[in-house]
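Pasting entry-v4.pdb here (PDB, C-alpha atoms):
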```pdb
MODEL        1
ATOM      1  CA  MET A   8      48.411  40.643 -83.501
ATOM      2  CA  ALA A   9      51.180  38.075 -83.892
ATOM      3  CA  ALA A  10      52.400  38.754 -80.351
ATOM      4  CA  ILE A  11      48.862  38.355 -78.988
ATOM      5  CA  ALA A  12      48.369  35.094 -80.860
ATOM      6  CA  LEU A  13      51.716  33.781 -79.624
ATOM      7  CA  ALA A  14      50.825  34.659 -76.013
ATOM      8  CA  VAL A  15      47.482  32.881 -76.302
ATOM      9  CA  LEU A  16      49.144  29.767 -77.751
ATOM     10  CA  ILE A  17      51.757  29.735 -75.005
ATOM     11  CA  PHE A  18      49.010  30.066 -72.405
ATOM     12  CA  PHE A  19      47.041  27.179 -73.825
ATOM     13  CA  MET A  20      50.157  25.022 -74.195
ATOM     14  CA  SER A  21      51.399  25.766 -70.666
ATOM     15  CA  GLY A  22      48.200  24.794 -68.836
ATOM     16  CA  GLU A  23      44.825  23.148 -69.113
ATOM     17  CA  ILE A  24      42.820  26.128 -67.829
ATOM     18  CA  GLY A  25      41.008  28.057 -70.508
ATOM     19  CA  LEU A  26      41.175  31.789 -70.781
ATOM     20  CA  PHE A  27      37.471  32.343 -70.310
ATOM     21  CA  THR A  28      36.676  29.535 -67.843
ATOM     22  CA  SER A  29      35.192  30.260 -64.409
ATOM     23  CA  LYS A  30      37.700  29.972 -61.545
ATOM     24  CA  ILE A  31      37.886  30.336 -57.763
ATOM     25  CA  SER A  32      40.875  31.359 -55.621
ATOM     26  CA  LEU A  33      42.167  29.133 -52.806
ATOM     27  CA  LEU A  34      44.953  29.806 -50.317
ATOM     28  CA  ALA A  35      47.536  27.627 -48.583
ATOM     29  CA  TYR A  36      50.408  28.480 -46.212
ATOM     30  CA  PHE A  37      53.795  26.735 -46.119
ATOM     31  CA  ASP A  38      57.090  27.201 -44.305
ATOM     32  CA  ASN A  39      58.991  26.923 -47.610
ATOM     33  CA  THR A  40      57.933  27.229 -51.241
ATOM     34  CA  GLU A  41      60.236  24.373 -52.291
ATOM     35  CA  GLY A  42      60.709  26.058 -55.685
ATOM     36  CA  VAL A  43      57.030  26.670 -56.506
ATOM     37  CA  LYS A  44      56.664  29.550 -58.981
ATOM     38  CA  VAL A  45      53.793  31.555 -60.376
ATOM     39  CA  GLY A  46      52.081  29.589 -63.114
ATOM     40  CA  ALA A  47      53.011  26.192 -61.600
ATOM     41  CA  PRO A  48      50.224  23.618 -62.077
ATOM     42  CA  VAL A  49      47.760  22.673 -59.326
ATOM     43  CA  ALA A  50      46.773  18.991 -59.486
ATOM     44  CA  LEU A  51      43.992  17.014 -57.832
ATOM     45  CA  GLN A  52      44.902  13.344 -57.524
ATOM     46  CA  GLY A  53      47.296  13.850 -60.452
ATOM     47  CA  VAL A  54      44.830  15.776 -62.700
ATOM     48  CA  THR A  55      45.681  19.438 -63.394
ATOM     49  CA  ILE A  56      42.758  21.638 -62.300
ATOM     50  CA  GLY A  57      44.419  25.067 -62.014
ATOM     51  CA  ASN A  58      47.582  27.149 -61.669
ATOM     52  CA  VAL A  59      49.491  29.046 -59.015
ATOM     53  CA  LYS A  60      48.492  32.731 -59.173
ATOM     54  CA  GLU A  61      50.734  34.279 -56.499
ATOM     55  CA  VAL A  62      53.547  33.331 -54.121
ATOM     56  CA  ARG A  63      54.418  35.792 -51.329
ATOM     57  CA  VAL A  64      55.675  36.038 -47.779
ATOM     58  CA  VAL A  65      53.103  37.219 -45.218
ATOM     59  CA  PRO A  66      54.585  39.231 -42.304
ATOM     60  CA  GLY A  67      53.675  38.090 -38.810
ATOM     61  CA  ARG A  68      53.429  34.343 -39.564
ATOM     62  CA  GLN A  69      56.390  32.491 -38.074
ATOM     63  CA  LEU A  70      55.635  28.814 -38.697
ATOM     64  CA  ASP A  71      54.170  29.076 -42.215
ATOM     65  CA  PRO A  72      54.938  32.559 -43.619
ATOM     66  CA  VAL A  73      54.709  31.653 -47.334
ATOM     67  CA  GLN A  74      51.258  32.188 -48.860
ATOM     68  CA  ILE A  75      50.436  30.513 -52.158
ATOM     69  CA  THR A  76      47.321  31.617 -54.011
ATOM     70  CA  MET A  77      45.958  29.196 -56.561
ATOM     71  CA  ARG A  78      43.223  29.464 -59.163
ATOM     72  CA  VAL A  79      41.229  26.287 -59.870
ATOM     73  CA  ASN A  80      38.437  25.533 -62.318
ATOM     74  CA  THR A  81      34.970  25.649 -60.769
ATOM     75  CA  LYS A  82      33.945  22.401 -62.473
ATOM     76  CA  TYR A  83      36.218  20.592 -59.962
ATOM     77  CA  GLN A  84      34.884  22.588 -56.998
ATOM     78  CA  PHE A  85      32.567  19.781 -55.786
ATOM     79  CA  LEU A  86      35.643  17.536 -55.374
ATOM     80  CA  LEU A  87      37.444  20.001 -53.120
ATOM     81  CA  ARG A  88      36.687  20.161 -49.376
ATOM     82  CA  LYS A  89      37.708  22.616 -46.699
ATOM     83  CA  ASP A  90      39.929  19.889 -45.156
ATOM     84  CA  THR A  91      41.578  18.992 -48.478
ATOM     85  CA  ILE A  92      45.333  18.706 -47.966
ATOM     86  CA  ALA A  93      47.660  20.792 -50.174
ATOM     87  CA  THR A  94      51.219  19.475 -50.574
ATOM     88  CA  ILE A  95      54.201  20.740 -52.559
ATOM     89  CA  GLU A  96      55.433  17.901 -54.774
ATOM     90  CA  THR A  97      58.220  17.600 -57.315
ATOM     91  CA  ALA A  98      57.779  16.093 -60.787
ATOM     92  CA  GLY A  99      60.556  13.535 -60.636
ATOM     93  CA  VAL A 100      63.853  14.004 -58.832
ATOM     94  CA  LEU A 101      64.885  17.201 -60.663
ATOM     95  CA  GLY A 102      61.510  18.265 -62.114
ATOM     96  CA  GLU A 103      59.570  21.426 -61.360
ATOM     97  CA  SER A 104      57.565  21.839 -58.172
ATOM     98  CA  PHE A 105      53.757  21.933 -58.200
ATOM     99  CA  LEU A 106      50.850  21.862 -55.780
ATOM    100  CA  ASP A 107      49.077  18.559 -55.230
ATOM    101  CA  LEU A 108      45.621  18.498 -53.606
ATOM    102  CA  ASP A 109      44.478  15.343 -51.781
ATOM    103  CA  SER A 110      40.735  14.921 -51.043
ATOM    104  CA  LYS A 111      40.649  11.161 -50.471
ATOM    105  CA  ARG A 112      40.109  11.491 -46.701
ATOM    106  CA  ALA A 113      38.411  14.917 -46.766
ATOM    107  CA  LYS A 114      34.901  14.981 -45.259
ATOM    108  CA  GLY A 115      34.311  18.722 -44.768
ATOM    109  CA  PRO A 116      32.003  21.007 -46.751
ATOM    110  CA  VAL A 117      32.751  22.083 -50.320
ATOM    111  CA  VAL A 118      35.241  24.959 -50.626
ATOM    112  CA  ASN A 119      34.288  28.502 -51.557
ATOM    113  CA  ASP A 120      36.251  31.311 -53.148
ATOM    114  CA  GLY A 121      39.005  32.513 -50.802
ATOM    115  CA  ASP A 122      39.067  29.448 -48.470
ATOM    116  CA  VAL A 123      42.338  28.326 -46.895
ATOM    117  CA  LEU A 124      43.278  24.668 -47.408
ATOM    118  CA  VAL A 125      45.180  22.500 -44.968
ATOM    119  CA  SER A 126      48.832  22.381 -45.907
ATOM    120  CA  ALA A 127      51.375  19.610 -45.422
ATOM    121  CA  ASN A 128      55.050  19.863 -46.241
ATOM    122  CA  ALA A 129      56.348  16.984 -48.313
ATOM    123  CA  PRO A 130      60.025  16.177 -47.929
ATOM    124  CA  GLY A 131      61.999  18.198 -50.429
ATOM    125  CA  LEU A 132      65.072  17.212 -52.363
ATOM    126  CA  GLN A 133      67.346  18.711 -49.734
ATOM    127  CA  ASP A 134      65.596  16.765 -46.981
ATOM    128  CA  VAL A 135      65.983  13.586 -49.004
ATOM    129  CA  VAL A 136      69.674  14.343 -49.543
ATOM    130  CA  ARG A 137      70.195  15.107 -45.844
ATOM    131  CA  ALA A 138      68.384  11.923 -44.840
ATOM    132  CA  GLY A 139      70.450   9.957 -47.332
ATOM    133  CA  GLN A 140      73.740  11.300 -46.013
ATOM    134  CA  GLY A 141      73.476   9.135 -42.905
ATOM    135  CA  THR A 142      72.712   6.099 -45.046
ATOM    136  CA  LEU A 143      75.666   6.893 -47.296
ATOM    137  CA  SER A 144      77.934   7.253 -44.242
ATOM    138  CA  ASN A 145      76.796   3.885 -42.896
ATOM    139  CA  LEU A 146      77.227   2.367 -46.343
ATOM    140  CA  ASP A 147      80.763   3.787 -46.521
ATOM    141  CA  VAL A 148      81.602   2.237 -43.134
ATOM    142  CA  LEU A 149      80.175  -1.078 -44.303
ATOM    143  CA  VAL A 150      82.235  -0.958 -47.511
ATOM    144  CA  GLN A 151      85.389  -0.262 -45.500
ATOM    145  CA  ARG A 152      84.679  -3.220 -43.220
ATOM    146  CA  LEU A 153      84.053  -5.476 -46.195
ATOM    147  CA  ASP A 154      87.306  -4.286 -47.716
ATOM    148  CA  ARG A 155      89.194  -5.202 -44.524
ATOM    149  CA  ILE A 156      87.516  -8.613 -44.436
ATOM    150  CA  VAL A 157      88.411  -9.283 -48.073
ATOM    151  CA  GLN A 158      91.992  -8.190 -47.422
ATOM    152  CA  GLN A 159      92.259 -10.541 -44.429
ATOM    153  CA  VAL A 160      90.827 -13.380 -46.495
ATOM    154  CA  GLU A 161      93.337 -12.742 -49.253
ATOM    155  CA  THR A 162      96.395 -12.361 -47.010
ATOM    156  CA  GLY A 163      95.444 -14.788 -44.246
ATOM    157  CA  PRO A 164      95.522 -16.307 -41.746
ATOM    158  CA  GLY A 165      92.057 -17.705 -41.227
ATOM    159  CA  THR A 166      89.725 -20.470 -42.292
ATOM    160  CA  LEU A 167      88.461 -18.689 -45.402
ATOM    161  CA  HIS A 168      92.020 -17.980 -46.524
ATOM    162  CA  GLY A 169      92.849 -21.662 -46.084
ATOM    163  CA  ILE A 170      89.758 -22.691 -48.019
ATOM    164  CA  ILE A 171      90.605 -20.353 -50.887
ATOM    165  CA  SER A 172      94.377 -20.733 -51.083
ATOM    166  CA  ASP A 173      95.160 -24.194 -49.667
ATOM    167  CA  PRO A 174      95.069 -26.836 -52.441
ATOM    168  CA  THR A 175      94.881 -29.640 -49.840
ATOM    169  CA  LEU A 176      91.265 -28.853 -49.062
ATOM    170  CA  LEU A 177      90.441 -28.749 -52.768
ATOM    171  CA  ASN A 178      92.123 -32.119 -53.265
ATOM    172  CA  ARG A 179      90.137 -33.575 -50.358
ATOM    173  CA  ALA A 180      86.938 -32.177 -51.786
ATOM    174  CA  ASN A 181      87.776 -33.698 -55.164
ATOM    175  CA  ALA A 182      88.566 -37.026 -53.489
ATOM    176  CA  ILE A 183      85.239 -36.959 -51.621
ATOM    177  CA  LEU A 184      83.409 -36.124 -54.825
ATOM    178  CA  GLY A 185      85.226 -38.988 -56.552
ATOM    179  CA  GLN A 186      84.165 -41.397 -53.795
ATOM    180  CA  ILE A 187      80.590 -40.153 -54.024
ATOM    181  CA  GLN A 188      80.671 -40.642 -57.788
ATOM    182  CA  THR A 189      82.041 -44.176 -57.326
ATOM    183  CA  LEU A 190      79.287 -44.907 -54.789
ATOM    184  CA  VAL A 191      76.644 -43.619 -57.187
ATOM    185  CA  ASN A 192      78.095 -45.751 -59.988
ATOM    186  CA  ASP A 193      78.068 -48.839 -57.752
ATOM    187  CA  VAL A 194      74.467 -48.173 -56.770
ATOM    188  CA  ASN A 195      73.480 -47.725 -60.406
ATOM    189  CA  GLY A 196      75.371 -50.925 -61.225
ATOM    190  CA  GLY A 197      73.422 -52.880 -58.602
ATOM    191  CA  LYS A 198      76.377 -53.363 -56.251
ATOM    192  CA  GLY A 199      75.969 -53.398 -52.497
ATOM    193  CA  THR A 200      72.796 -53.501 -50.430
ATOM    194  CA  ILE A 201      71.407 -50.238 -51.785
ATOM    195  CA  GLY A 202      72.232 -51.261 -55.340
ATOM    196  CA  GLU A 203      70.478 -54.611 -54.907
ATOM    197  CA  LEU A 204      67.564 -52.823 -53.326
ATOM    198  CA  LEU A 205      67.257 -50.574 -56.377
ATOM    199  CA  LYS A 206      68.138 -53.077 -59.096
ATOM    200  CA  ASP A 207      67.091 -56.529 -57.846
ATOM    201  CA  ASN A 208      63.433 -57.364 -58.403
ATOM    202  CA  THR A 209      63.543 -60.222 -55.881
ATOM    203  CA  LEU A 210      63.345 -57.907 -52.903
ATOM    204  CA  ALA A 211      60.494 -55.995 -54.498
ATOM    205  CA  LYS A 212      58.677 -59.303 -55.123
ATOM    206  CA  LYS A 213      59.209 -60.333 -51.493
ATOM    207  CA  ILE A 214      57.865 -56.997 -50.301
ATOM    208  CA  ASN A 215      54.863 -57.403 -52.592
ATOM    209  CA  ALA A 216      54.325 -60.953 -51.307
ATOM    210  CA  SER A 217      54.495 -59.727 -47.715
ATOM    211  CA  LEU A 218      52.029 -56.979 -48.501
ATOM    212  CA  ASP A 219      49.747 -59.539 -50.148
ATOM    213  CA  LYS A 220      49.905 -61.714 -47.013
ATOM    214  CA  ILE A 221      49.134 -58.747 -44.812
ATOM    215  CA  ASN A 222      46.196 -57.829 -47.037
ATOM    216  CA  ALA A 223      44.952 -61.430 -46.933
ATOM    217  CA  MET A 224      45.283 -61.425 -43.139
ATOM    218  CA  ILE A 225      43.305 -58.192 -42.932
ATOM    219  CA  ASP A 226      40.658 -59.643 -45.265
ATOM    220  CA  ASP A 227      40.398 -62.769 -43.057
ATOM    221  CA  ILE A 228      40.026 -60.611 -39.961
ATOM    222  CA  ASN A 229      37.318 -58.565 -41.650
ATOM    223  CA  ALA A 230      35.636 -61.800 -42.717
ATOM    224  CA  GLY A 231      35.669 -63.132 -39.147
ATOM    225  CA  LYS A 232      38.262 -65.856 -39.733
ATOM    226  CA  GLY A 233      40.824 -66.848 -37.118
ATOM    227  CA  ASN A 234      40.993 -65.831 -33.475
ATOM    228  CA  ALA A 235      41.380 -62.128 -34.241
ATOM    229  CA  GLY A 236      38.567 -62.262 -36.766
ATOM    230  CA  LEU A 237      36.301 -64.116 -34.338
ATOM    231  CA  PHE A 238      37.109 -61.637 -31.614
ATOM    232  CA  LEU A 239      36.209 -58.764 -33.926
ATOM    233  CA  LYS A 240      33.206 -60.345 -35.675
ATOM    234  CA  ASP A 241      31.789 -63.042 -33.348
ATOM    235  CA  ARG A 242      29.289 -61.442 -30.990
ATOM    236  CA  ALA A 243      29.252 -64.466 -28.660
ATOM    237  CA  LEU A 244      33.027 -64.331 -28.157
ATOM    238  CA  TYR A 245      32.778 -60.626 -27.492
ATOM    239  CA  ASP A 246      29.952 -61.207 -24.991
ATOM    240  CA  ASN A 247      31.939 -63.960 -23.243
ATOM    241  CA  ALA A 248      34.983 -61.716 -23.017
ATOM    242  CA  ASN A 249      32.783 -58.920 -21.746
ATOM    243  CA  GLN A 250      31.215 -61.219 -19.143
ATOM    244  CA  MET A 251      34.651 -62.427 -18.076
ATOM    245  CA  VAL A 252      35.798 -58.865 -17.618
ATOM    246  CA  ALA A 253      32.595 -58.088 -15.693
ATOM    247  CA  LYS A 254      33.118 -61.111 -13.418
ATOM    248  CA  GLY A 255      36.734 -60.111 -12.879
ATOM    249  CA  ASN A 256      35.612 -56.624 -11.935
ATOM    250  CA  LYS A 257      32.983 -58.065  -9.563
ATOM    251  CA  LEU A 258      35.608 -60.329  -7.988
ATOM    252  CA  LEU A 259      37.897 -57.354  -7.467
ATOM    253  CA  ASP A 260      34.995 -55.382  -5.999
ATOM    254  CA  ASP A 261      34.201 -58.261  -3.584
ATOM    255  CA  ILE A 262      37.859 -58.442  -2.570
ATOM    256  CA  ASN A 263      37.936 -54.682  -2.027
ATOM    257  CA  ASN A 264      34.715 -54.962   0.004
ATOM    258  CA  GLY A 265      36.181 -57.756   2.163
ATOM    259  CA  LYS A 266      33.920 -60.536   0.870
ATOM    260  CA  GLY A 267      35.111 -64.153   0.649
ATOM    261  CA  THR A 268      38.323 -65.669   1.932
ATOM    262  CA  ILE A 269      40.592 -63.530  -0.253
ATOM    263  CA  GLY A 270      38.580 -60.451   0.678
ATOM    264  CA  LYS A 271      38.845 -61.244   4.382
ATOM    265  CA  LEU A 272      42.527 -61.929   3.949
ATOM    266  CA  ALA A 273      42.926 -58.562   2.239
ATOM    267  CA  LYS A 274      40.550 -56.490   4.394
ATOM    268  CA  ASP A 275      39.798 -58.339   7.689
ATOM    269  CA  GLU A 276      42.652 -57.688  10.099
ATOM    270  CA  VAL A 277      41.309 -60.220  12.652
ATOM    271  CA  PHE A 278      41.306 -62.981  10.065
ATOM    272  CA  ALA A 279      44.743 -61.957   8.933
ATOM    273  CA  ARG A 280      46.050 -62.080  12.514
ATOM    274  CA  LYS A 281      44.469 -65.545  13.037
ATOM    275  CA  LEU A 282      46.056 -66.797   9.850
ATOM    276  CA  ASP A 283      49.373 -65.324  10.944
ATOM    277  CA  ASP A 284      49.030 -67.037  14.363
ATOM    278  CA  THR A 285      48.237 -70.357  12.688
ATOM    279  CA  ILE A 286      51.322 -70.047  10.503
ATOM    280  CA  ASP A 287      53.387 -69.268  13.619
ATOM    281  CA  GLN A 288      52.019 -72.364  15.403
ATOM    282  CA  LEU A 289      52.822 -74.551  12.405
ATOM    283  CA  SER A 290      56.307 -73.060  12.332
ATOM    284  CA  LYS A 291      56.760 -73.910  16.020
ATOM    285  CA  ILE A 292      55.518 -77.499  15.476
ATOM    286  CA  ALA A 293      57.902 -77.893  12.545
ATOM    287  CA  ALA A 294      60.718 -76.530  14.735
ATOM    288  CA  LYS A 295      59.905 -79.064  17.476
ATOM    289  CA  LEU A 296      59.836 -81.914  14.958
ATOM    290  CA  ASN A 297      63.253 -80.830  13.689
ATOM    291  CA  ASP A 298      64.658 -80.406  17.225
ATOM    292  CA  THR A 299      67.007 -83.371  17.863
ATOM    293  CA  SER A 300      67.781 -82.437  21.475
ATOM    294  CA  LYS A 301      64.219 -83.040  22.770
ATOM    295  CA  PRO A 302      62.413 -85.061  20.161
ATOM    296  CA  GLY A 303      58.814 -86.132  20.692
ATOM    297  CA  SER A 304      56.996 -89.099  19.244
ATOM    298  CA  LEU A 305      56.566 -87.533  15.824
ATOM    299  CA  GLY A 306      60.076 -86.158  16.057
ATOM    300  CA  LEU A 307      61.451 -89.640  16.796
ATOM    301  CA  LEU A 308      59.339 -91.040  13.990
ATOM    302  CA  ILE A 309      60.796 -88.499  11.598
ATOM    303  CA  GLN A 310      64.369 -88.257  12.901
ATOM    304  CA  ASN A 311      65.207 -91.717  14.435
ATOM    305  CA  PRO A 312      66.106 -94.145  11.650
ATOM    306  CA  SER A 313      65.576 -97.199  13.913
ATOM    307  CA  VAL A 314      61.926 -96.303  14.385
ATOM    308  CA  TYR A 315      61.613 -95.955  10.636
ATOM    309  CA  ASN A 316      63.373 -99.283  10.055
ATOM    310  CA  ASN A 317      61.238-101.141  12.692
ATOM    311  CA  THR A 318      58.076 -99.664  11.276
ATOM    312  CA  ASP A 319      59.152-100.617   7.771
ATOM    313  CA  GLN A 320      60.010-104.169   8.937
ATOM    314  CA  LEU A 321      56.624-104.476  10.696
ATOM    315  CA  LEU A 322      54.833-103.443   7.533
ATOM    316  CA  ILE A 323      56.828-105.979   5.492
ATOM    317  CA  GLU A 324      56.033-108.850   7.972
ATOM    318  CA  THR A 325      52.373-107.853   8.052
ATOM    319  CA  ARG A 326      52.252-107.873   4.257
ATOM    320  CA  ASN A 327      53.904-111.352   4.205
ATOM    321  CA  LEU A 328      51.419-112.635   6.801
ATOM    322  CA  MET A 329      48.469-111.434   4.756
ATOM    323  CA  THR A 330      49.937-113.119   1.701
ATOM    324  CA  ALA A 331      50.349-116.413   3.567
ATOM    325  CA  ILE A 332      46.780-116.274   4.932
ATOM    326  CA  ARG A 333      45.452-115.758   1.402
ATOM    327  CA  GLU A 334      47.474-118.731   0.129
ATOM    328  CA  ASN A 335      46.549-121.170   2.973
ATOM    329  CA  PRO A 336      43.732-119.834   5.071
ATOM    330  CA  LYS A 337      43.039-123.240   6.759
ATOM    331  CA  LYS A 338      46.424-123.240   8.320
ATOM    332  CA  TYR A 339      45.812-120.045  10.186
ATOM    333  CA  LEU A 340      42.036-119.979  10.572
ATOM    334  CA  THR A 341      41.401-123.545  11.991
ATOM    335  CA  ILE A 342      39.121-123.556  15.128
ATOM    336  CA  HIS A 343      39.294-126.467  17.662
ATOM    337  CA  PHE A 344      36.357-127.167  19.983
ATOM    338  CA  ARG A 345      36.810-129.247  23.151
ATOM    339  CA  ILE A 346      34.119-130.304  25.587
ATOM    340  CA  PHE A 347      35.558-131.279  28.876
TER     341      PHE A 347
ENDMDL
END
```
Show the structure stored in the file as structure tokens.
Amino acid sequence: MAAIALAVLIFFMSGEIGLFTSKISLLAYFDNTEGVKVGAPVALQGVTIGNVKEVRVVPGRQLDPVQITMRVNTKYQFLLRKDTIATIETAGVLGESFLDLDSKRAKGPVVNDGDVLVSANAPGLQDVVRAGQGTLSNLDVLVQRLDRIVQQVETGPGTLHGIISDPTLLNRANAILGQIQTLVNDVNGGKGTIGELLKDNTLAKKINASLDKINAMIDDINAGKGNAGLFLKDRALYDNANQMVAKGNKLLDDINNGKGTIGKLAKDEVFARKLDDTIDQLSKIAAKLNDTSKPGSLGLLIQNPSVYNNTDQLLIETRNLMTAIRENPKKYLTIHFRIF
């Protein structure tokens, strides 16, 4: 009786399946048991719903010869589908192996007693170790390279060795830091342009005054004061400017269309040739007037100084005569009549 009671207690303590509960059997095939033993728990999404009943090798199956028979409680049967995936998992790194059932993506019908579930092999501890061997090898190579780099830095030569071992660079860095500290002290003390900018309120007042003037200017413009304000606010000034622009555009259109003198000059080739001929004739006349070898009347008048002097003298005598006639007209305008 004591042995029977102890067996019952062990059974209840080792699993969550009651002795007299209703169960169904499900099968799954694997290429390796990965340490699964009879009595190992069967979990659904992490909840234990049964135990492994039998583990055996089935002759004739090459890819997945290991058959695992599991017994699950029928109250979880509605959660299990024919396409539920069975995977061998390990509780922790060195824990015991168990069967884990995944029905999250299963859409098939509900399983019945004796159905075979879809199996998937999870990577075992050996696979993880084998996969990690390459990483460990690469890590070992990396450590060796780092060791060589550190050795070169310690023994030199190189820039890093000079930075670490040469006190000159440290002294220069300390000197630069000292200069920076001096500069910061001068700025805090109000010395220099930056110091005055930070410490002197005069510059801030000037900036505020300038901003006030700019704000006043903007207010005047918004109020319609001044030329800019009138241009922005006065409708008549805007209309006049608009009319001026329109007239300018019309003038340009007339010129482009060949209207008016400027338009003919720009577009009429005949008029342009006539104007060019006229300019050529004037150039020829000016050349003849300047020609001293064969001067004409106008040329002599322009070039001969004696003609200019005689003409000037004649004008002076004529002006004197007119003055004398005004002063004594009887002397020059007396008429004598004689009869026989």
Handout entry: Spatial neighbours of Val191 (chain A), 12 Å, only C-alpha atoms, chain gap at least 6 places, as an NGL selection string
Key = :A and (184-185 or 197-199 or 201-202 or 205)
Exercise for the section: Work out how far CA of Ala223 (chain A) is from CA of Gly236 (chain A), in Å to one decimal. Expected result: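 A separation of 12.0 Å between them.
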Practice task
Enter the distance from CA of Asp122 (chain A) to CA of Lys30 (chain A), in Å, rounded to one decimal.
Solution key: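 Rounded to one decimal, the two atoms are 13.2 Å apart.
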Problem - Close residues, Leu70 (chain A) itself excluded, 10 Å, all atoms listed in the file, min 4 positions apart in chain, as a PyMOL selection string - result: chain A and resi 36-39
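Taking CA of Ile286 (chain A) and CA of Asn264 (chain A) as endpoints, the distance between them is 24.8 Å.
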Exercise for the section: Measuring atom to atom with all atoms listed in the file, identify which of A:Thr162, A:Gln74, A:Asn256, A:Thr91 is nearest to Val59 (chain A). Expected result: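 Nearest candidate to Val59 (chain A) out of A:Thr162, A:Gln74, A:Asn256, A:Thr91: A:Gln74.
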Problem - Shell around Asp260 (chain A) at 12 Å using all atoms listed in the file, local window under 5 positions removed, as an MDAnalysis selection string - result: chainID A and resid 253:255 265:267 269:270 273:274
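Minimum atom-to-atom distance to Phe85 (chain A), evaluated using only C-alpha atoms, belongs to A:Leu51 out of A:Ala230, A:Ile221, A:Leu51, A:Ala279.
Residues lying within 7 Å of (58.5, 33.6, -48.2). Counted over all atoms listed in the file, they are Asn39, Arg63, Val64, Pro72 and Val73 of chain A.
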Exercise for the section: For the structure provided, state which residues fall under the PyMOL selection byres ((chain A and resi 75) around 6), and present them as an NGL selection string. Expected result: :A and (34-35 or 61-62 or 74 or 76)
Okay, now the selection with C-alpha atoms, as a PDB file, keeping the file's coordinate frame?
```
ATOM      1  CA  LEU A  34      44.953  29.806 -50.317  1.00  0.00           C
ATOM      2  CA  ALA A  35      47.536  27.627 -48.583  1.00  0.00           C
ATOM      3  CA  GLU A  61      50.734  34.279 -56.499  1.00  0.00           C
ATOM      4  CA  VAL A  62      53.547  33.331 -54.121  1.00  0.00           C
ATOM      5  CA  GLN A  74      51.258  32.188 -48.860  1.00  0.00           C
ATOM      6  CA  THR A  76      47.321  31.617 -54.011  1.00  0.00           C
TER       7      THR A  76
END
```
Practice task
Can you pull out every residue within 7 Å of region 52-55 of chain A, counting only C-alpha atoms, but drop anything in the same chain fewer than 3 positions away, and send it as a ChimeraX atom specification?
Solution key: /A:23,48-49,108-109
Practice task
Considering all atoms listed in the file, state which residue in the set A:Asp246, A:Glu103, A:Lys89, A:Ala235 is at the smallest distance from Gly115 (chain A).
Solution key: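 Closest to Gly115 (chain A) of all the choices is A:Lys89.
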Handout entry: Selected residue, from A:Val252, A:Ala331, A:Leu146, A:Val43, that lies nearest to Ile95 (chain A) when counting only C-alpha atoms
Key =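 Of the candidates, the smallest distance to Ile95 (chain A) is held by A:Val43.
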Problem - Pick from A:Ser104, A:Ser144, A:Ile332, A:Ile92 nearest to Val125 (chain A), counting only C-alpha atoms - result: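 The closest residue to Val125 (chain A) is A:Ile92.
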Handout entry: Residue with smallest distance to Gln84 (chain A) - pool A:Asp193, A:Glu203, A:Asp120, A:Asp226, counting all atoms listed in the file
Key =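 The closest residue to Gln84 (chain A) is A:Asp120.
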